[in-house]
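Visitor: Before I ask anything, let me first share the structure, which is written out below as structure tokens.
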Amino acid sequence: MSSLPLFYRSVVPLNRDAHTRLRLRNPQRFGFARTSHLIPAVVDEFAAACRHLPILFLPESLGPTPVFLAGLVPGRSALVSDDGAWSGRYLPAYLRRYPFILGESDGQPPLVCLDDTAEGVLLADEGEEAGERVALFETDGTETALLQERVRLVSDYAQAARRTAALGRALQDLGLLRGVTLQGQDLATGESHSLYGALAVDEG
């Protein structure tokens, strides 16, 4: 792939033979999101997330794209701790899905893929104690309950992403989005920061 989604560095099709020794750290850590103050969002999670995370839209060529605001300082999440734990009250589906993703090619059926270089995905004989890692495949090659849950999440997310794209275009066509500037202060350093160029639903 020439252009990979946020956080993904190497996307390959999930393969029971090639990935039988992979383990996913449990509980998963989100250090990969430490350098992002914006997290992609889908419409299906708006109701659950809106009480805990601001939802903004970014102007894109294919239509406005919703994101969760996880901090005001570019390149720094306010919700990922030094050890990679997520401190927010709502965990976005984009983070729950990682390192898995649905790969699509013209004329080919979608494939579940993963970033096999992702922080949190480990070989069976490396990293933490075995109790902190969960296998993707059983010894007989069948998918573990964890992997089945992630595969469902990947499929659901892909469908939600299509609905979200349609929503963004509709909001734009109806003129229901307006530009906003957000300002905040870093409580640790006292520095003030501003976020420009985002869009929000005009409730007026």
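Residue numbering restarts at 1 for every chain of the structure tokens, chains are lettered A, B, ... in their displayed order, and ligands are numbered from 1 as they appear.
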Please provide the set of residues having any atom within 10 Å of segment 66-77 of chain A, restricted to only C-alpha atoms, with same-chain residues fewer than 2 positions apart removed, written as an NGL selection string.
Guide: :A and (31 or 33-43 or 46 or 49-50 or 52-59 or 63-64 or 79-81 or 86 or 88 or 92 or 164-165 or 167-168 or 182-186 or 191-195 or 198-200)
Visitor: Using DSSP on the backbone coordinates, identify all residues within segment 40-196 of chain A classified as helix (DSSP H, G or I); present the result as a ChimeraX atom specification.
Guide: /A:43-49,93-97,130-132,145-173
Visitor: Smallest atom-to-atom distance to Cys113 of chain A: which of A:Ser155, A:Thr189, A:Gln172, A:Thr142, using only C-alpha atoms?
Guide: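 Smallest separation from Cys113 of chain A among the options: A:Ser155.
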Visitor: Out of segment 102-158 of chain A, which residues get strand (DSSP E or B) from DSSP, as a list in words?
Guide: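 Answer for segment 102-158 of chain A restricted to strand (DSSP E or B) is Leu102, Gly103, Leu111, Val112, Cys113, Leu114, Asp115, Val121, Leu122, Leu123, Arg133, Val134, Ala135, Phe137 and Glu143 of chain A.
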